[in-house]
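Working notes, beginning with the structure itself.
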Amino acid sequence: LAVLLKNKFKQTTGPLANQASARVSNALPADASSRFADLGPDAMVMDVMGETGRAMARSAANNNPTAREILETASTERMSGQTDRLGDVLLKAGGMDEVKTVQELMDGIHKANQPAIKKSYDKARSLGHDMDLEVFSDILGTTIGAKALNQGTKLAKDRAVLNGSSGDPSMLDILDETKKVLDGMAQPALGMRPDAKQQLAMETAKQLRERVDQSLPEYGGARALAQRSAKQQEAVKTGAEGGKPRVPADYARPAADVEFPDERSQGYVSQKIDALENRRTTPGVVDAMFGSKRQQQALSASLPEQGANDVKAQIARERAFNATDRALKGNSTTARQMAEMGLSGGAGGAAGYALGGDVESMGVGAAAGALARRGIPAIANK
């Protein structure tokens, strides 16, 4: 773009470039510096000038091929980086250093936690090899408890054989399989409420689990580590639901209930960046991804307050850049309508009026170049 501007200036404007910059500077609003600060380093002079700047730019583009090339090249180049800019601010808001898929986040959590979980379970199984079943006689002596113990013992022995063990399973392994059998008995059919037998199995499983934890705290600790890892992964999945283009109506409630907000934020960011990448070249991607009320609520519910505010600020910037791009690339009907309204061409045009003279007299190429400049102190410090 810099080379293009330089060449076009040489071909069409010569010393008029300084005159164009001065006149554009005079047309800037009094709060131009703060507007530049709000819009960031990608802001151009025509953005800062608002509708006046866009009308001037469109007038120049509609009336001069050189101006059109300068302005549209500058805007197209900027629009091509929109997804990357949004992705960068999302990553920062989620406390992430690099883009990862939702599955990669969950796999990373599992990989990070698994060594400690395995170590804890191995220790618990070693200590629980010769646990006394008499401690559980009141629970396992019931009809449902005895039935579950019989099945659990068979399952523990089969699992030991499959794992290559030649000895008998530990008492802890048998109790663990027994609890799983009870959990299975407690599951109602899909869409049905648990009946009396299933509720009894549920209560028996709960009491057995609590008794095992009391008798062997190491096992309860290992299970707590496994549950923590599962909850972290569930938080990622919850956040990912909020990052989808179609957000569930009740998303805010589960998002607020997660125990691990950092993982929720990362899931949201991962899903949102994936959605953005899939629509990288789609016009109106900002409004499609962040425009609805549910999407705005999901943004606030998924990210920490400062991170959410940073993303919202970038969304506002991108909407301003979108408005400039649409203004520059209006169709021929728009151009004719503007001409009829006196907004393009000649001394009556918006550019000429705002700059204190018609566009042709100051060099349309120079006017376009001045409008397309980014955050330059000579322009901004009005």
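Lettering and numbering for the structure tokens are positional, with chains as A, B, ... in the shown order, residues counted from 1 in each chain, and ligands counted from 1 in the shown order.
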Handout entry: Selection near A:Arg317, 8 Å with only C-alpha atoms, sequence-local residues under 5 positions removed, as a ChimeraX atom specification
Key = /A:38-40
Inset, instruction - Based on DSSP run over this structure's backbone, return all residues of stretch 39-272 of chain A in alpha helix (DSSP H), as a PyMOL selection string. - result: chain A and resi 39+45-48+50-63+65-80+82-93+102-127+137-140+143-162+171-185+196-215+217-242+252-257+261-272
Compile a residue-level contact table for stretch 228-322 of chain A against stretch 115-136 of chain A at a cut-off of 12 Å, reporting for every qualifying residue the shortest atom pair and its distance in Å to one decimal, with only C-alpha atoms counted, rows ordered by chain and ascending number, as CSV.
residue,atom,partner,partner_atom,distance
A:Arg228,CA,A:Ile117,CA,10.0
A:Ser229,CA,A:Ile117,CA,9.0
A:Ala230,CA,A:Ile117,CA,11.5
(Q) So that I can check the surroundings of A:Lys329, please list as a list of chain:residue names every protein, DNA and RNA residue that reaches within 8 Å of it, counting only C-alpha atoms and ignoring chain neighbours fewer than 3 positions away. (A)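 The filter keeps A:Arg58, A:Glu72, A:Asp325, A:Arg326.
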Restrict the selected residues to all heavy atoms and save them as a PDB file, in the first residue's frame.
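Produced file again.pdb, reproduced below:
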ATOM      1  N   ARG A  58     -15.840   8.366  -0.579  1.00  0.00           N
ATOM      2  CA  ARG A  58     -16.682   7.783  -1.618  1.00  0.00           C
ATOM      3  C   ARG A  58     -16.769   8.728  -2.813  1.00  0.00           C
ATOM      4  O   ARG A  58     -16.780   8.294  -3.966  1.00  0.00           O
ATOM      5  CB  ARG A  58     -18.063   7.477  -1.055  1.00  0.00           C
ATOM      6  CG  ARG A  58     -18.982   6.804  -2.067  1.00  0.00           C
ATOM      7  CD  ARG A  58     -20.134   6.069  -1.401  1.00  0.00           C
ATOM      8  NE  ARG A  58     -20.776   6.885  -0.380  1.00  0.00           N
ATOM      9  CZ  ARG A  58     -21.739   6.425   0.411  1.00  0.00           C
ATOM     10  NH1 ARG A  58     -22.143   5.175   0.304  1.00  0.00           N
ATOM     11  NH2 ARG A  58     -22.298   7.211   1.305  1.00  0.00           N
ATOM     12  N   GLU A  72      -9.720   1.831  -2.037  1.00  0.00           N
ATOM     13  CA  GLU A  72     -10.213   0.463  -1.931  1.00  0.00           C
ATOM     14  C   GLU A  72      -9.103  -0.507  -1.582  1.00  0.00           C
ATOM     15  O   GLU A  72      -9.324  -1.486  -0.859  1.00  0.00           O
ATOM     16  CB  GLU A  72     -10.900   0.042  -3.233  1.00  0.00           C
ATOM     17  CG  GLU A  72     -12.223   0.776  -3.461  1.00  0.00           C
ATOM     18  CD  GLU A  72     -13.028   0.186  -4.615  1.00  0.00           C
ATOM     19  OE1 GLU A  72     -12.560  -0.806  -5.232  1.00  0.00           O
ATOM     20  OE2 GLU A  72     -14.120   0.703  -4.895  1.00  0.00           O
ATOM     21  N   ASP A 325     -15.671   0.561   4.641  1.00  0.00           N
ATOM     22  CA  ASP A 325     -15.522  -0.314   3.480  1.00  0.00           C
ATOM     23  C   ASP A 325     -16.786  -0.311   2.626  1.00  0.00           C
ATOM     24  O   ASP A 325     -16.711  -0.244   1.388  1.00  0.00           O
ATOM     25  CB  ASP A 325     -15.208  -1.737   3.949  1.00  0.00           C
ATOM     26  CG  ASP A 325     -14.729  -2.627   2.824  1.00  0.00           C
ATOM     27  OD1 ASP A 325     -13.637  -2.357   2.280  1.00  0.00           O
ATOM     28  OD2 ASP A 325     -15.438  -3.586   2.479  1.00  0.00           O
ATOM     29  N   ARG A 326     -17.952  -0.363   3.271  1.00  0.00           N
ATOM     30  CA  ARG A 326     -19.210  -0.328   2.516  1.00  0.00           C
ATOM     31  C   ARG A 326     -19.381   1.000   1.792  1.00  0.00           C
ATOM     32  O   ARG A 326     -19.865   1.051   0.662  1.00  0.00           O
ATOM     33  CB  ARG A 326     -20.390  -0.561   3.461  1.00  0.00           C
ATOM     34  CG  ARG A 326     -20.532  -1.990   3.956  1.00  0.00           C
ATOM     35  CD  ARG A 326     -21.898  -2.215   4.592  1.00  0.00           C
ATOM     36  NE  ARG A 326     -22.131  -1.313   5.709  1.00  0.00           N
ATOM     37  CZ  ARG A 326     -21.817  -1.589   6.971  1.00  0.00           C
ATOM     38  NH1 ARG A 326     -21.228  -2.752   7.265  1.00  0.00           N
ATOM     39  NH2 ARG A 326     -22.082  -0.737   7.932  1.00  0.00           N
TER      40      ARG A 326
END
Requested in this report: Considering only C-alpha atoms, state which residue in the set A:Gly220, A:Gly242, A:Gly53, A:Gly330 is at the smallest distance from A:Gln297.
Outcome: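 The closest residue to A:Gln297 is A:Gly242.
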Which of A:Gly284, A:Gly87, A:Pro194, A:Gly50 sits closest to A:Val99 [using only C-alpha atoms]: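 The shortest atom-to-atom distance to A:Val99 comes from A:Gly87.
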Please provide as an NGL selection string all residues within 6 Å of stretch 301-315 of chain A, with the sequence filter that same-chain residues fewer than 4 positions apart are discarded (counting only C-alpha atoms).
:A and (93 or 252 or 265)
Subject >> Residues within 12 Å of A:Arg68, only C-alpha atoms, excluding chain neighbours under 5 positions, as a ChimeraX atom specification >> reply: /A:5,8,56-63,73-76,325,327-330,364-369,371-372
Determine, counting only C-alpha atoms, which protein, DNA and RNA residues have an atom within 7 Å of an atom of A:Val181; residues of the same chain fewer than 3 positions away are not included. Present the result as a PyMOL selection string. chain A and resi 148+152+177-178+184-185
Original post:
Quick one: residues within 6 Å of stretch 231-238 of chain A, only C-alpha atoms counted, chain neighbours fewer than 4 positions away excluded, as a ChimeraX atom specification?
Top reply: /A:106,258,260,263-264,267
Selected residues written out with N, CA and C atoms, as a PDB file, in the first residue's frame:
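Contents of the output file out_22.pdb:
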ATOM      1  N   MET A 106      -9.405 -30.020  25.786  1.00  0.00           N
ATOM      2  CA  MET A 106      -9.824 -31.108  26.662  1.00  0.00           C
ATOM      3  C   MET A 106      -8.745 -32.185  26.773  1.00  0.00           C
ATOM      4  N   VAL A 258     -20.307 -23.024  36.332  1.00  0.00           N
ATOM      5  CA  VAL A 258     -19.084 -23.821  36.213  1.00  0.00           C
ATOM      6  C   VAL A 258     -18.120 -23.499  37.343  1.00  0.00           C
ATOM      7  N   PHE A 260     -14.865 -23.897  37.026  1.00  0.00           N
ATOM      8  CA  PHE A 260     -13.570 -23.503  36.456  1.00  0.00           C
ATOM      9  C   PHE A 260     -13.792 -22.477  35.345  1.00  0.00           C
ATOM     10  N   GLU A 263     -11.287 -22.271  32.246  1.00  0.00           N
ATOM     11  CA  GLU A 263     -11.500 -23.277  31.206  1.00  0.00           C
ATOM     12  C   GLU A 263     -12.747 -22.954  30.379  1.00  0.00           C
ATOM     13  N   ARG A 264     -13.776 -22.409  31.026  1.00  0.00           N
ATOM     14  CA  ARG A 264     -14.976 -21.976  30.299  1.00  0.00           C
ATOM     15  C   ARG A 264     -14.606 -20.898  29.283  1.00  0.00           C
ATOM     16  N   GLY A 267     -12.790 -22.401  26.329  1.00  0.00           N
ATOM     17  CA  GLY A 267     -13.700 -23.104  25.431  1.00  0.00           C
ATOM     18  C   GLY A 267     -14.468 -22.143  24.544  1.00  0.00           C
TER      19      GLY A 267
END
